[in-house]
>>> print(open('my_file33.cif').read())   # mmCIF, C-alpha atoms
data_upload
loop_
_atom_site.label_atom_id
_atom_site.label_comp_id
_atom_site.auth_asym_id
_atom_site.auth_seq_id
_atom_site.Cartn_x
_atom_site.Cartn_y
_atom_site.Cartn_z
CA GLU A 18 -4.04 -11.56 11.60
CA ILE A 19 -7.70 -12.44 12.22
CA LEU A 20 -8.46 -11.07 8.75
CA ILE A 21 -6.47 -13.94 7.20
CA THR A 22 -9.23 -16.34 8.28
CA THR A 23 -12.27 -14.12 7.95
CA LEU A 24 -11.31 -12.93 4.47
CA ASN A 25 -11.63 -16.49 3.19
CA ARG A 26 -15.07 -16.72 4.80
CA ALA A 27 -16.20 -13.45 3.19
CA ILE A 28 -14.91 -14.50 -0.25
CA ALA A 29 -16.75 -17.83 0.05
CA GLU A 30 -20.03 -16.02 0.68
CA TYR A 31 -19.59 -14.12 -2.56
CA ASN A 32 -18.88 -17.33 -4.50
CA ILE A 33 -15.81 -15.89 -6.17
CA ASP A 34 -14.92 -18.14 -9.12
CA GLU A 35 -11.18 -18.86 -8.97
CA SER A 36 -11.17 -19.70 -12.69
CA LEU A 37 -12.31 -16.14 -13.44
CA TYR A 38 -10.37 -14.49 -10.62
CA PRO A 39 -7.21 -16.56 -9.97
CA PHE A 40 -5.34 -15.98 -6.69
CA PHE A 41 -8.20 -13.75 -5.55
CA TYR A 42 -7.66 -14.38 -1.83
CA ASP A 43 -3.90 -13.80 -2.06
CA GLU A 44 -4.44 -10.60 -4.01
CA LEU A 45 -7.06 -9.22 -1.67
CA LEU A 46 -5.02 -9.94 1.46
CA SER A 47 -1.88 -8.46 -0.09
CA LEU A 48 -3.88 -5.41 -1.23
CA CYS A 49 -5.01 -4.76 2.36
CA LYS A 50 -1.44 -5.09 3.62
CA PHE A 51 -0.11 -2.82 0.87
CA CYS A 52 -2.69 -0.16 1.76
CA TYR A 53 -1.73 -0.42 5.42
CA TYR A 54 2.04 -0.34 4.99
CA THR A 55 1.96 2.55 2.50
CA GLY A 56 -1.12 4.53 3.55
CA THR A 57 -2.58 4.15 0.06
CA ARG A 58 -6.24 4.47 -0.91
CA LYS A 59 -8.02 1.43 -2.35
CA MET A 60 -8.29 2.45 -6.01
CA ALA A 61 -4.75 3.79 -6.13
CA ALA A 62 -3.49 0.47 -4.76
CA ILE A 63 -5.64 -1.64 -7.09
CA THR A 64 -4.11 0.12 -10.09
CA VAL A 65 -0.48 -0.24 -8.97
CA ASP A 66 1.58 -1.03 -12.07
CA LEU A 67 4.70 -3.01 -11.20
CA SER A 68 6.07 -2.52 -14.72
CA ASN A 69 6.20 1.27 -14.30
CA PRO A 70 9.74 2.26 -15.41
CA LYS A 71 9.87 4.86 -12.63
CA ASN A 72 9.64 2.17 -9.97
CA ASN A 73 12.86 1.25 -8.23
CA TYR A 74 13.52 -2.29 -7.04
CA SER A 75 16.44 -3.38 -4.91
CA ASN A 76 16.80 -6.21 -2.42
CA LYS A 77 16.41 -3.76 0.49
CA ILE A 78 13.80 -1.27 -0.63
CA TRP A 79 11.13 -1.01 -3.32
CA THR A 80 9.84 2.39 -4.41
CA ILE A 81 6.55 2.12 -6.26
CA ASN A 82 4.95 5.02 -8.12
CA ILE A 83 1.20 5.41 -7.84
CA ILE A 84 -1.44 7.86 -9.00
CA ASP A 85 -3.80 8.60 -6.15
CA LYS A 86 -6.89 10.21 -7.61
CA GLY A 87 -8.47 11.05 -4.24
CA LYS A 88 -10.79 14.05 -4.11
CA LYS A 89 -8.61 16.41 -6.16
CA GLY A 90 -7.27 13.78 -8.56
CA GLY A 91 -4.06 12.98 -10.37
CA HIS A 92 -1.58 13.18 -7.49
CA LYS A 93 1.58 11.14 -8.00
CA TRP A 94 3.34 9.62 -5.03
CA GLU A 95 6.28 7.34 -4.39
CA LYS A 96 5.39 4.61 -1.91
CA MET A 97 8.21 2.75 -0.18
CA LEU A 98 8.39 -0.80 1.11
CA THR A 99 11.25 -2.13 3.21
CA GLU A 100 12.08 -4.63 5.96
CA PHE A 101 9.21 -7.01 6.89
CA ALA A 102 6.71 -5.10 4.71
CA LEU A 103 8.94 -5.67 1.69
CA ILE A 104 9.60 -9.30 2.61
CA ASP A 105 5.85 -9.93 2.76
CA PHE A 106 5.11 -8.19 -0.55
CA ARG A 107 8.05 -9.91 -2.31
CA GLU A 108 6.64 -13.29 -1.25
CA TYR A 109 3.25 -12.34 -2.62
CA VAL A 110 4.66 -11.22 -5.98
CA LYS A 111 6.83 -14.34 -6.33
CA LYS A 112 3.90 -16.66 -5.64
CA ARG A 113 1.28 -14.75 -7.59
CA PHE A 114 3.35 -14.34 -10.77
CA ASN A 115 5.58 -17.41 -10.43
CA ILE A 116 8.89 -15.53 -10.42
CA PRO A 117 12.08 -17.03 -8.94
CA ASP A 118 13.56 -15.14 -6.00
CA GLU A 119 16.92 -14.62 -7.68
CA THR A 120 15.42 -12.79 -10.69
CA LEU A 121 12.49 -11.06 -8.99
CA GLU A 122 13.87 -7.51 -9.06
CA ILE A 123 14.40 -7.87 -12.84
CA ASP A 124 11.39 -9.91 -13.94
CA ILE A 125 8.93 -7.90 -11.86
CA ARG A 126 8.97 -5.28 -14.61
CA LYS A 127 7.22 -7.78 -16.90
CA VAL A 128 4.30 -8.29 -14.51
CA GLY A 129 2.01 -5.33 -15.11
CA PHE A 130 -0.70 -4.70 -12.51
CA ALA A 131 -0.04 -6.01 -9.01
CA PHE A 132 -3.62 -7.12 -8.32
CA PRO A 133 -5.19 -8.08 -11.68
CA SER A 134 -8.01 -10.29 -10.38
CA VAL A 135 -9.07 -7.74 -7.77
CA MET A 136 -8.98 -5.03 -10.45
CA LYS A 137 -11.13 -7.15 -12.76
CA ARG A 138 -13.66 -7.87 -10.02
CA GLU A 139 -13.86 -4.22 -8.96
CA LYS A 140 -14.47 -3.06 -12.53
CA SER A 141 -17.32 -5.53 -12.97
CA PHE A 142 -19.03 -5.52 -9.57
CA LYS A 143 -17.50 -2.72 -7.48
CA ASP A 144 -17.77 -4.93 -4.40
CA ILE A 145 -14.19 -5.09 -3.10
CA SER A 146 -14.98 -2.74 -0.22
CA THR A 147 -18.06 -4.79 0.65
CA ILE A 148 -16.10 -8.06 0.74
CA ILE A 149 -13.39 -6.56 2.95
CA GLY A 150 -16.06 -4.97 5.12
CA LEU A 151 -17.70 -8.37 5.61
CA ALA A 152 -14.33 -9.91 6.57
CA LEU A 153 -13.78 -7.15 9.12
CA HIS A 154 -17.30 -7.70 10.45
CA TYR A 155 -16.55 -11.39 11.00
CA ALA A 156 -13.37 -10.30 12.79
CA GLY A 157 -15.43 -8.09 15.11
CA LYS A 158 -14.04 -4.89 13.54
CA ASP A 159 -17.09 -3.20 12.02
CA THR A 160 -16.32 0.02 10.19
CA GLU A 161 -17.99 2.31 7.67
CA ILE A 162 -14.70 2.66 5.78
CA PRO A 163 -13.57 -0.96 5.22
CA THR A 164 -10.83 -0.15 2.72
CA HIS A 165 -9.96 3.40 3.77
CA ILE A 166 -9.42 2.09 7.30
CA TRP A 167 -5.91 1.01 6.30
CA ARG A 168 -4.97 4.61 5.49
CA HIS A 169 -6.27 5.66 8.89
CA THR A 170 -4.39 2.93 10.73
CA PHE A 171 -1.20 3.72 8.79
CA ALA A 172 -1.48 7.31 9.98
CA GLN A 173 -2.25 6.46 13.59
CA ASP A 174 0.30 3.65 13.92
CA GLY A 175 2.90 5.62 11.98
CA LEU A 176 2.52 8.64 14.22
CA ASP A 177 2.76 6.50 17.34
CA ALA A 178 5.87 4.75 16.00
CA THR A 179 7.65 8.01 15.08
CA GLY A 180 6.77 10.05 18.14
CA HIS A 181 4.16 12.03 16.17
CA ASN A 182 6.43 13.10 13.34
CA TYR A 183 3.66 14.53 11.18
CA GLU A 184 5.93 15.65 8.34
CA LEU A 185 7.48 12.21 7.93
CA VAL A 186 4.18 10.34 8.07
CA ALA A 187 2.54 12.79 5.64
CA SER A 188 5.41 12.39 3.20
CA LEU A 189 5.43 8.59 3.35
CA GLY A 190 1.66 8.16 3.28
CA GLY A 191 0.89 10.72 0.61
CA TRP A 192 -0.75 13.71 2.27
CA ASP A 193 -0.34 17.16 0.78
CA SER A 194 0.07 18.75 4.17
CA THR A 195 0.34 17.93 7.84
CA THR A 196 -2.83 20.00 8.36
CA ILE A 197 -4.91 17.44 6.47
CA LEU A 198 -3.21 14.60 8.31
CA LYS A 199 -3.89 16.14 11.71
CA LYS A 200 -7.48 17.08 10.90
CA HIS A 201 -8.71 13.83 9.42
CA TYR A 202 -6.41 11.01 10.42
CA GLY A 203 -4.07 11.35 13.35
CA ASN A 204 -4.72 13.70 16.21
CA MET A 205 -2.30 13.31 19.09
CA SER A 206 -3.66 11.05 21.82
CA ASP A 207 -4.45 12.38 25.29
CA ASN A 208 -1.70 10.17 26.73
CA ALA A 209 0.88 11.69 24.37
CA LYS A 210 -0.27 15.20 25.30
CA LEU A 211 -0.08 14.42 29.02
CA LYS A 212 3.41 12.98 28.61
CA GLY A 213 4.54 16.10 26.75
CA LEU A 214 3.02 18.36 29.40
CA ARG A 215 4.84 16.52 32.18
CA GLN A 216 8.12 16.84 30.30
CA MET A 217 7.52 20.59 29.87
CA MET A 218 7.03 20.86 33.63
CA GLY A 219 10.35 19.17 34.27
CA ILE A 220 8.86 15.91 35.44
CA LYS A 221 10.86 12.85 34.46
CA VAL A 222 8.77 10.62 32.25
CA GLU A 223 9.65 6.99 31.72
CA GLU A 224 10.41 6.45 28.07
CA GLU A 225 8.29 3.88 26.33
CA LYS A 226 9.59 2.02 23.33
CA PRO A 227 7.36 3.00 20.38
CA GLN A 228 5.43 0.19 18.75
CA PRO A 229 6.59 -0.49 15.18
CA LEU A 230 4.34 -0.19 12.16
CA ARG A 231 3.38 -3.81 11.74
CA TRP A 232 0.40 -5.69 10.32
#
>>> encode(input="my_file33.cif", output="structure tokens")
Amino acid sequence: EILITTLNRAIAEYNIDESLYPFFYDELLSLCKFCYYTGTRKMAAITVDLSNPKNNYSNKIWTINIIDKGKKGGHKWEKMLTEFALIDFREYVKKRFNIPDETLEIDIRKVGFAFPSVMKREKSFKDISTIIGLALHYAGKDTEIPTHIWRHTFAQDGLDATGHNYELVASLGGWDSTTILKKHYGNMSDNAKLKGLRQMMGIKVEEEKPQPLRW
């Protein structure tokens, strides 16, 4: 939540012209949240096309098709939004594109790209990662991967929330295999290993309620 304040500060330092990039703050914040809740890379998220006929929109779940170019390129994934993640993204889309709530699931197909101002800025200046990185710096969260950090946190938080269900998290986040997920994003914590070892030894372990995936 700190990012909500520091993102405005970072944008101000870059003198983003709202007449050239309308709703820039709203787009950038929603982009970060989308990347976190779906485990999507920056460029794949920036190019999300809400008018894609393969997308599925209902009042309980949205399934959005993306092309994640990554290192190998051209991979197609279905990213799902539901519950509070969907509520948040629906509010963004309604506000950004001025669509009434009652017709959103129909009129959304007329929108086109989900983050047009961010896309325009990235094409011209390629500084979206730098702006987000500055906002994270102001929040005391310095990182060398200011946009890719959301994919990492999706993996880590998702694994914690699902009891380290690697197959589920890999499928939802868009990893080709659990091997890649384990190697680069979400190794099991020492506490989780210790808990598992105690259970294997027949020691009763107090169950902890997993923390939900939440921004």
>>> resolve_selection(input="my_file33.cif", expression="the PyMOL selection byres ((chain A and resi 209-211) around 12)", output="list in words")
Leu176, Asp177, Ala178, Gly180, His181, Asn204, Met205, Ser206, Asp207, Asn208, Lys212, Gly213, Leu214, Arg215, Gln216, Met217, Met218, Ile220, Val222, Glu224, Glu225 and Pro227 of chain A
>>> atom_distance(input="my_file33.cif", atom1="CA of Phe132 in chain A", atom2="CA of Arg107 in chain A")
13.4 Å
>>> resolve_selection(input="my_file33.cif", expression="the PyMOL selection byres ((chain A and resi 198) around 12)", output="MDAnalysis selection string")
chainID A and resid 56 168:173 175:176 181:197 199:205
>>> resolve_selection(input="my_file33.cif", expression="the PyMOL selection byres ((chain A and resi 123) around 12)", output="list in words")
Leu67, Ser68, Pro70, Asn72, Asn73, Tyr74, Ser75, Asn76, Lys111, Ile116, Pro117, Asp118, Glu119, Thr120, Leu121, Glu122, Asp124, Ile125, Arg126, Lys127 and Val128 of chain A
>>> atom_distance(input="my_file33.cif", atom1="CA of Glu161 in chain A", atom2="CA of Glu35 in chain A")
27.8 Å
>>> atom_distance(input="my_file33.cif", atom1="CA of Glu95 in chain A", atom2="CA of Ile83 in chain A")
6.4 Å
>>> closest_residue(input="my_file33.cif", among="A:Leu46, A:Val135, A:Ile81, A:Ile33", to="Ile19 in chain A", atoms="all atoms listed in the file")
A:Leu46
